[in-house]
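One file, work09.txt, carrying compact mmCIF, C-alpha atoms and all ligand atoms:
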```txt
# COMPACT_ATOMS: atom_id res chain seq x y z
CA MET A 1 -116.16 -2.41 -22.62
CA VAL A 2 -114.22 0.80 -22.94
CA ASP A 3 -110.53 0.30 -22.37
CA ARG A 4 -109.72 3.17 -19.96
CA THR A 5 -106.02 2.46 -20.02
CA LYS A 6 -105.85 3.83 -23.58
CA ARG A 7 -106.07 7.53 -24.39
CA PRO A 8 -107.96 8.61 -27.47
CA ALA A 9 -105.47 8.85 -30.31
CA GLU A 10 -106.34 12.51 -31.03
CA ILE A 11 -105.09 13.77 -27.65
CA PRO A 12 -101.34 14.13 -27.94
CA ILE A 13 -99.36 13.52 -24.81
CA SER A 14 -96.89 16.32 -24.36
CA PRO A 15 -93.82 15.41 -22.35
CA LEU A 16 -93.37 17.48 -19.21
CA VAL A 17 -90.28 19.51 -19.93
CA ALA A 18 -89.33 22.32 -17.56
CA ALA A 19 -88.91 25.58 -19.47
CA PRO A 20 -85.32 26.78 -19.20
CA VAL A 21 -85.13 29.95 -17.13
CA VAL A 22 -82.69 32.65 -16.23
CA SER A 23 -81.26 31.83 -12.85
CA ILE A 24 -80.13 34.46 -10.35
CA THR A 25 -78.55 33.47 -7.09
CA HIS A 26 -77.21 35.85 -4.51
CA ASP A 27 -75.83 35.74 -1.04
CA ASN A 28 -74.10 38.23 1.20
CA THR A 29 -71.09 38.56 -1.04
CA ARG A 30 -71.96 37.70 -4.65
CA VAL A 31 -74.62 37.66 -7.35
CA VAL A 32 -74.55 35.04 -10.11
CA ALA A 33 -76.76 35.17 -13.20
CA THR A 34 -76.99 32.30 -15.68
CA LEU A 35 -78.87 32.20 -18.98
CA PRO A 36 -80.61 29.05 -20.26
CA ARG A 37 -77.83 28.50 -22.83
CA GLY A 38 -75.10 28.69 -20.19
CA ASP A 39 -73.84 32.30 -20.37
CA ARG A 40 -72.92 33.26 -16.83
CA VAL A 41 -71.74 36.34 -14.96
CA GLU A 42 -70.58 36.50 -11.35
CA ILE A 43 -70.34 39.78 -9.47
CA LEU A 44 -68.77 40.47 -6.10
CA LEU A 45 -70.75 43.04 -4.10
CA PHE A 46 -67.46 44.55 -2.96
CA GLY A 47 -66.75 47.04 -5.76
CA ALA A 48 -69.69 45.57 -7.76
CA ASN A 49 -66.73 43.90 -9.42
CA ALA A 50 -67.61 41.37 -12.13
CA LEU A 51 -65.26 38.45 -11.42
CA SER A 52 -66.19 36.14 -14.25
CA TRP A 53 -68.11 36.25 -17.51
CA LYS A 54 -68.53 33.01 -19.40
CA THR A 55 -70.12 32.84 -22.82
CA GLY A 56 -72.57 30.07 -23.78
CA ASN A 57 -69.69 27.82 -24.92
CA GLY A 58 -68.25 27.88 -21.39
CA LYS A 59 -65.28 30.11 -22.30
CA GLU A 60 -64.12 32.56 -19.63
CA GLN A 61 -63.82 36.02 -21.19
CA LEU A 62 -62.34 37.92 -18.21
CA PHE A 63 -58.98 37.59 -16.51
CA LEU A 64 -58.97 37.33 -12.72
CA SER A 65 -55.66 37.12 -10.89
CA ASP A 66 -55.38 33.89 -8.90
CA LYS A 67 -54.02 36.03 -6.05
CA ALA A 68 -56.88 38.56 -6.20
CA ILE A 69 -58.08 39.53 -2.71
CA LEU A 70 -61.84 39.04 -2.55
CA ASP A 71 -62.48 39.76 1.14
CA GLY A 72 -63.03 43.52 0.74
CA SER A 73 -59.66 44.53 2.17
CA LYS A 74 -58.39 45.83 -1.19
CA PRO A 75 -59.66 46.33 -4.74
CA VAL A 76 -59.97 43.21 -6.87
CA ARG A 77 -57.14 42.49 -9.32
CA GLY A 78 -59.10 41.44 -12.36
CA GLY A 79 -62.58 41.16 -13.79
CA ILE A 80 -64.20 44.59 -14.14
CA PRO A 81 -63.23 47.00 -11.35
CA LEU A 82 -65.18 50.28 -11.44
CA VAL A 83 -63.23 53.50 -11.46
CA PHE A 84 -65.10 56.51 -9.97
CA PRO A 85 -64.81 59.50 -9.37
CA LEU A 86 -61.08 59.66 -10.14
CA PHE A 87 -58.87 57.87 -12.65
CA GLY A 88 -55.24 57.25 -11.73
CA PRO A 89 -53.46 58.79 -8.76
CA ALA A 90 -54.83 61.90 -7.04
CA GLN A 91 -53.47 65.19 -8.40
CA GLU A 92 -53.02 68.39 -6.42
CA SER A 93 -54.17 70.22 -9.54
CA HIS A 94 -57.69 68.86 -8.92
CA PRO A 95 -58.36 69.61 -5.23
CA ALA A 96 -61.87 68.06 -5.22
CA THR A 97 -60.41 64.57 -5.74
CA ALA A 98 -56.93 65.15 -4.27
CA LYS A 99 -57.62 63.11 -1.13
CA LEU A 100 -58.98 60.02 -2.88
CA PRO A 101 -57.09 56.77 -3.45
CA GLN A 102 -55.89 55.79 -6.95
CA HIS A 103 -58.93 55.14 -9.22
CA GLY A 104 -61.36 56.57 -6.62
CA PHE A 105 -63.51 54.79 -4.05
CA ALA A 106 -66.13 52.84 -6.06
CA ARG A 107 -63.92 49.75 -6.23
CA ASN A 108 -63.17 49.96 -2.49
CA VAL A 109 -66.70 49.75 -1.11
CA ARG A 110 -69.51 47.27 -0.96
CA TRP A 111 -72.42 48.03 -3.28
CA GLU A 112 -76.05 47.25 -2.70
CA TYR A 113 -77.69 44.60 -4.90
CA LEU A 114 -80.89 46.19 -6.18
CA GLY A 115 -82.24 43.12 -7.96
CA LYS A 116 -83.02 42.25 -11.53
CA THR A 117 -85.05 44.89 -13.26
CA SER A 118 -85.74 43.08 -16.49
CA SER A 119 -85.53 39.45 -17.34
CA GLU A 120 -85.90 36.71 -19.89
CA SER A 121 -88.26 37.39 -22.74
CA PHE A 122 -90.23 34.23 -23.40
CA ALA A 123 -92.36 36.06 -25.90
CA ILE A 124 -94.32 33.73 -28.16
CA GLY A 125 -92.13 32.72 -31.07
CA LYS A 126 -88.93 33.61 -29.22
CA GLU A 127 -86.45 30.95 -28.30
CA ALA A 128 -85.36 30.61 -24.70
CA SER A 129 -81.86 31.15 -26.04
CA ASP A 130 -82.76 34.83 -26.67
CA ALA A 131 -83.15 35.36 -22.93
CA SER A 132 -81.14 38.12 -21.28
CA VAL A 133 -81.07 39.61 -17.82
CA LYS A 134 -80.21 42.99 -16.34
CA ILE A 135 -79.04 43.23 -12.76
CA ASP A 136 -78.60 46.47 -10.87
CA PHE A 137 -76.33 47.64 -8.07
CA GLY A 138 -76.48 50.92 -6.18
CA LEU A 139 -74.10 53.13 -4.27
CA SER A 140 -74.80 56.32 -2.34
CA PRO A 141 -73.02 58.21 0.47
CA THR A 142 -74.71 55.96 3.06
CA GLU A 143 -72.68 52.98 1.76
CA ILE A 144 -69.27 54.62 1.82
CA ASP A 145 -66.83 54.97 4.71
CA ASP A 146 -66.48 58.27 6.53
CA LYS A 147 -62.95 58.66 5.18
CA PHE A 148 -64.26 58.61 1.59
CA LYS A 149 -67.23 60.78 2.53
CA SER A 150 -65.00 63.49 3.91
CA ALA A 151 -62.62 63.19 0.92
CA TRP A 152 -65.53 63.53 -1.53
CA PRO A 153 -68.41 65.18 0.36
CA TYR A 154 -71.04 65.29 -2.40
CA SER A 155 -74.59 63.94 -2.61
CA PHE A 156 -74.64 61.31 -5.30
CA GLY A 157 -76.37 58.15 -6.40
CA LEU A 158 -74.70 55.57 -8.63
CA THR A 159 -76.62 52.85 -10.43
CA TYR A 160 -74.53 50.18 -12.08
CA SER A 161 -76.35 47.83 -14.44
CA ILE A 162 -74.93 44.65 -15.89
CA THR A 163 -76.89 43.06 -18.73
CA LEU A 164 -76.04 39.51 -19.71
CA SER A 165 -77.21 38.40 -23.16
CA PRO A 166 -76.08 35.55 -25.37
CA ASP A 167 -72.33 36.10 -25.97
CA GLU A 168 -72.69 39.74 -24.87
CA LEU A 169 -72.19 41.72 -21.69
CA SER A 170 -73.19 45.33 -21.24
CA THR A 171 -72.11 47.45 -18.29
CA SER A 172 -73.64 50.83 -17.71
CA LEU A 173 -73.10 53.40 -14.99
CA GLN A 174 -75.59 56.10 -14.16
CA VAL A 175 -74.30 58.95 -12.04
CA ALA A 176 -76.85 61.20 -10.36
CA ASN A 177 -76.06 64.40 -8.53
CA THR A 178 -78.70 64.23 -5.83
CA GLY A 179 -77.58 67.46 -4.17
CA THR A 180 -77.48 71.12 -5.14
CA GLU A 181 -73.72 71.58 -5.39
CA ALA A 182 -72.09 70.63 -8.72
CA PHE A 183 -69.37 67.96 -8.73
CA GLU A 184 -66.79 66.70 -11.20
CA PHE A 185 -65.89 63.09 -11.88
CA GLN A 186 -63.96 60.69 -14.06
CA THR A 187 -65.09 57.12 -14.57
CA LEU A 188 -64.00 53.96 -16.33
CA PHE A 189 -64.75 50.26 -16.67
CA HIS A 190 -61.33 48.77 -15.92
CA THR A 191 -61.98 45.54 -17.85
CA TYR A 192 -59.36 42.78 -17.70
CA PHE A 193 -59.93 40.60 -20.78
CA ALA A 194 -58.57 37.09 -21.01
CA THR A 195 -56.42 36.47 -24.06
CA SER A 196 -54.57 33.35 -25.10
CA ASP A 197 -51.16 35.02 -25.56
CA ILE A 198 -50.40 38.74 -25.28
CA ALA A 199 -47.62 38.38 -27.88
CA SER A 200 -50.20 37.42 -30.50
CA THR A 201 -52.88 39.87 -29.33
CA HIS A 202 -53.54 43.15 -31.07
CA VAL A 203 -56.11 45.89 -30.61
CA THR A 204 -57.69 47.83 -33.47
CA GLY A 205 -59.98 50.85 -33.60
CA LEU A 206 -57.60 53.35 -32.00
CA GLU A 207 -55.16 53.77 -34.89
CA SER A 208 -56.16 57.35 -35.63
CA ASN A 209 -56.28 58.56 -32.02
CA GLY A 210 -53.62 60.46 -30.16
CA PHE A 211 -52.79 59.14 -26.70
CA ILE A 212 -51.08 59.87 -23.45
CA ASN A 213 -48.26 57.39 -23.15
CA LYS A 214 -47.91 56.82 -19.39
CA VAL A 215 -44.71 54.77 -19.60
CA PRO A 216 -42.07 55.77 -18.54
CA SER A 217 -43.79 59.09 -17.69
CA PRO A 218 -46.94 60.70 -19.12
CA LYS A 219 -46.33 62.14 -22.57
CA GLN A 220 -48.82 63.32 -25.18
CA THR A 221 -48.19 61.21 -28.28
CA ALA A 222 -49.49 61.50 -31.86
CA ALA A 223 -51.68 58.83 -33.47
CA ALA A 224 -49.59 55.78 -34.42
CA ASN A 225 -51.79 54.86 -37.42
CA GLU A 226 -51.34 51.18 -36.72
CA PRO A 227 -52.92 48.50 -34.53
CA ILE A 228 -51.68 48.22 -30.95
CA LYS A 229 -49.27 45.31 -30.45
CA PHE A 230 -47.60 44.27 -27.21
CA SER A 231 -43.90 43.67 -26.67
CA GLY A 232 -43.35 45.23 -23.25
CA GLU A 233 -45.21 47.18 -20.56
CA LEU A 234 -47.88 49.30 -22.25
CA ASP A 235 -50.02 51.92 -20.47
CA ARG A 236 -51.80 54.38 -22.74
CA VAL A 237 -54.83 56.65 -22.48
CA TYR A 238 -56.41 57.09 -25.92
CA THR A 239 -58.64 60.13 -26.14
CA GLY A 240 -61.65 61.05 -28.24
CA ALA A 241 -61.97 57.52 -29.66
CA GLU A 242 -65.01 57.12 -31.90
CA LYS A 243 -64.65 53.69 -33.49
CA ASP A 244 -65.55 50.34 -31.99
CA ILE A 245 -62.56 48.67 -30.38
CA ILE A 246 -61.64 45.14 -31.44
CA ILE A 247 -59.37 42.80 -29.52
CA ASN A 248 -57.80 40.26 -31.85
CA ASP A 249 -56.49 37.02 -30.40
CA ASN A 250 -54.21 34.99 -32.66
CA GLY A 251 -55.19 37.03 -35.70
CA LYS A 252 -58.94 36.66 -35.17
CA PRO A 253 -61.39 39.13 -33.57
CA SER A 254 -62.28 37.84 -30.12
CA ILE A 255 -64.01 40.88 -28.55
CA THR A 256 -65.75 44.00 -29.90
CA ILE A 257 -66.40 46.91 -27.53
CA LYS A 258 -69.03 49.51 -28.38
CA ARG A 259 -69.34 52.60 -26.21
CA ASN A 260 -71.84 55.30 -25.36
CA GLU A 261 -70.65 58.54 -23.72
CA LEU A 262 -67.24 57.01 -23.00
CA PRO A 263 -64.79 58.84 -25.29
CA ASP A 264 -61.52 57.55 -23.84
CA VAL A 265 -59.94 54.11 -23.84
CA VAL A 266 -57.07 52.97 -21.64
CA VAL A 267 -55.00 50.05 -22.90
CA TRP A 268 -52.77 48.39 -20.32
CA ASN A 269 -50.57 45.38 -19.89
CA PRO A 270 -48.09 45.42 -16.99
CA TRP A 271 -45.71 42.84 -18.56
CA ALA A 272 -43.32 40.77 -16.43
CA ASP A 273 -41.55 43.24 -14.11
CA LYS A 274 -44.52 45.41 -13.14
CA SER A 275 -46.78 42.40 -12.47
CA LYS A 276 -44.05 40.83 -10.33
CA GLY A 277 -44.20 43.96 -8.17
CA MET A 278 -47.96 43.52 -7.56
CA SER A 279 -48.53 41.31 -4.52
CA ASP A 280 -52.04 40.35 -5.72
CA PHE A 281 -51.05 39.40 -9.28
CA GLY A 282 -50.82 35.76 -10.24
CA PRO A 283 -49.85 33.42 -11.67
CA GLU A 284 -46.39 34.84 -12.25
CA ASP A 285 -46.78 34.72 -16.04
CA GLY A 286 -50.48 35.76 -15.88
CA TRP A 287 -49.64 39.00 -17.71
CA LYS A 288 -49.32 36.87 -20.86
CA LYS A 289 -52.98 35.92 -20.55
CA MET A 290 -54.58 39.33 -20.11
CA VAL A 291 -55.11 42.70 -21.69
CA CYS A 292 -56.93 45.61 -20.09
CA VAL A 293 -59.03 47.62 -22.52
CA GLU A 294 -60.82 50.16 -20.38
CA ALA A 295 -63.66 52.28 -21.73
CA GLY A 296 -64.13 55.50 -19.82
CA SER A 297 -64.33 59.24 -19.55
CA VAL A 298 -60.99 60.15 -18.02
CA GLU A 299 -59.12 62.71 -20.08
CA LYS A 300 -61.16 65.48 -18.51
CA PHE A 301 -63.45 65.67 -15.51
CA SER A 302 -67.16 65.68 -16.34
CA ARG A 303 -69.18 68.27 -14.45
CA LEU A 304 -72.61 67.39 -13.11
CA GLU A 305 -74.87 70.13 -11.76
CA GLY A 306 -77.22 69.48 -8.84
CA GLY A 307 -80.18 67.35 -9.96
CA GLU A 308 -78.48 66.19 -13.17
CA THR A 309 -77.66 62.64 -14.25
CA TRP A 310 -75.11 61.18 -16.64
CA GLU A 311 -74.88 57.70 -18.08
CA GLY A 312 -72.05 55.84 -19.81
CA GLN A 313 -72.16 52.33 -21.23
CA GLN A 314 -69.98 49.70 -22.85
CA ILE A 315 -71.35 46.74 -24.80
CA ILE A 316 -68.91 43.87 -25.12
CA LYS A 317 -69.54 41.23 -27.76
CA ALA A 318 -67.55 38.01 -27.73
CA HIS A 319 -66.79 36.38 -31.10
CA LEU A 320 -66.72 32.63 -30.76
O1 LIG B 401 -52.97 48.78 -9.64
P1 LIG B 401 -54.22 49.55 -9.99
O2 LIG B 401 -54.46 50.72 -9.08
O3 LIG B 401 -55.40 48.64 -10.06
O4 LIG B 401 -53.99 50.15 -11.43
C1 LIG B 401 -53.68 49.33 -12.49
C2 LIG B 401 -53.44 50.15 -13.75
O5 LIG B 401 -54.66 50.72 -14.16
C3 LIG B 401 -54.59 51.34 -15.45
O6 LIG B 401 -55.85 51.81 -15.77
C4 LIG B 401 -53.62 52.49 -15.35
O7 LIG B 401 -53.51 53.12 -16.64
C5 LIG B 401 -52.25 51.96 -14.91
O8 LIG B 401 -51.37 53.07 -14.79
C6 LIG B 401 -52.40 51.24 -13.59
O9 LIG B 401 -51.14 50.69 -13.24
```
Can the structure in the file be given as structure tokens, please?
Amino acid sequence: MVDRTKRPAEIPISPLVAAPVVSITHDNTRVVATLPRGDRVEILLFGANALSWKTGNGKEQLFLSDKAILDGSKPVRGGIPLVFPLFGPAQESHPATAKLPQHGFARNVRWEYLGKTSSESFAIGKEASDASVKIDFGLSPTEIDDKFKSAWPYSFGLTYSITLSPDELSTSLQVANTGTEAFEFQTLFHTYFATSDIASTHVTGLESNGFINKVPSPKQTAAANEPIKFSGELDRVYTGAEKDIIINDNGKPSITIKRNELPDVVVWNPWADKSKGMSDFGPEDGWKKMVCVEAGSVEKFSRLEGGETWEGQQIIKAHL
């Protein structure tokens, strides 16, 4: 008799293992993407503000104030706020943006989640750990309040793409002038990086660049020819920066920032007194645990003719 309880030896039994996949969850307020190896990014629709980016080892790479307001009543203190179409306070010398709030309106409005446009690549021979995902958000005049519309009455379309890859996050903003009238804009990724101690943090890559030193009042300053170290409030706009920027934490590179079409870099730490004056900044000594290194195009206004598009991108690599 044939024993039907036994399988022929030549047919291997493969265990049923679910293939790891990229997971995307979203609700009315947030989108969360997770890679098979654990990298994770969480984005609030208000401001399309990334709140958290964890690398595969579980380490949080962004700083988010524990008093940040996340209900849409004010911009988020931390993560990656988006600055558009104005950097800093409005200036009478630039009438087209003179009625906008500090850093523009993009961080003050709810963006539309457009979905994931590319996903994990389980190509034959590729490990699941190579998977990456790109998620897109959109903003057009229909999404912004009347007060912003009348302050900046142009036809535009913004597409903000966040790509999460192993130990890497890319953010890219595409600005389209969908009308016929030209407009001018500034933009910046106002990234708050987590660092273990600001006193032993230094930033390299900007040594040979001149900068506008905003503290105590804006002053054009010559290149310092040395890495940036922190021993008090620091608020500088470096212009025409060509090299990659490296944040060093305790003497070791922790983050590298590469940029496309973003010639300026703002470096900011509010230190004790200024952060104490910010009602949404916490914990009280949180300024020791953060450094803002903000890739943007802010020294001048960029002009976009009707029908034209512009795109700027930063690629942030975490060193583990
Ligand atoms: O408090 P806000 O509007 O988010 O701005 C924070 C900081 O943003 C930085 O980019 C500016 O250089 C600083 O001057 C400013 O204080």
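Listed by chain and then residue number, the contacts of ligand LIG 401 (chain B) are Gln102, Asp235 and Trp268 of chain A (distance at most 6 Å, using all atoms listed in the file).
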For segment 179-189 of chain A, work out the shell of residues within 9 Å, counting only C-alpha atoms and skipping chain neighbours fewer than 4 positions away, then give it as a ChimeraX atom specification. /A:80-87,96-97,103-104,154-156,171-173,262,264-266,293-308,312-314
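Residue nearest Pro166 of chain A, chosen from A:Trp310, A:Trp53, A:Trp287, A:Phe281 and counting only C-alpha atoms: A:Trp53.
Distance annotation: of A:Asp167, A:Tyr160, A:Ala90, A:Arg107, the residue with the minimal separation from Arg37 of chain A is A:Asp167; atom set is all atoms listed in the file.
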Quick one: which segment 53-80 of chain A residues come within 10 Å of segment 192-198 of chain A, and what is the nearest atom pair for each with the distance in Å to one decimal, counting only C-alpha atoms, rows ordered by chain and ascending number, as JSON lines?
```
{"residue": "A:Trp53", "atom": "CA", "partner": "A:Phe193", "partner_atom": "CA", "distance": 9.8}
{"residue": "A:Lys59", "atom": "CA", "partner": "A:Ala194", "partner_atom": "CA", "distance": 9.8}
{"residue": "A:Glu60", "atom": "CA", "partner": "A:Ala194", "partner_atom": "CA", "distance": 7.3}
{"residue": "A:Gln61", "atom": "CA", "partner": "A:Ala194", "partner_atom": "CA", "distance": 5.4}
{"residue": "A:Leu62", "atom": "CA", "partner": "A:Phe193", "partner_atom": "CA", "distance": 4.4}
{"residue": "A:Phe63", "atom": "CA", "partner": "A:Ala194", "partner_atom": "CA", "distance": 4.5}
{"residue": "A:Leu64", "atom": "CA", "partner": "A:Tyr192", "partner_atom": "CA", "distance": 7.4}
{"residue": "A:Ser65", "atom": "CA", "partner": "A:Tyr192", "partner_atom": "CA", "distance": 9.6}
{"residue": "A:Arg77", "atom": "CA", "partner": "A:Tyr192", "partner_atom": "CA", "distance": 8.7}
{"residue": "A:Gly78", "atom": "CA", "partner": "A:Tyr192", "partner_atom": "CA", "distance": 5.5}
{"residue": "A:Gly79", "atom": "CA", "partner": "A:Tyr192", "partner_atom": "CA", "distance": 5.3}
{"residue": "A:Ile80", "atom": "CA", "partner": "A:Tyr192", "partner_atom": "CA", "distance": 6.3}
```
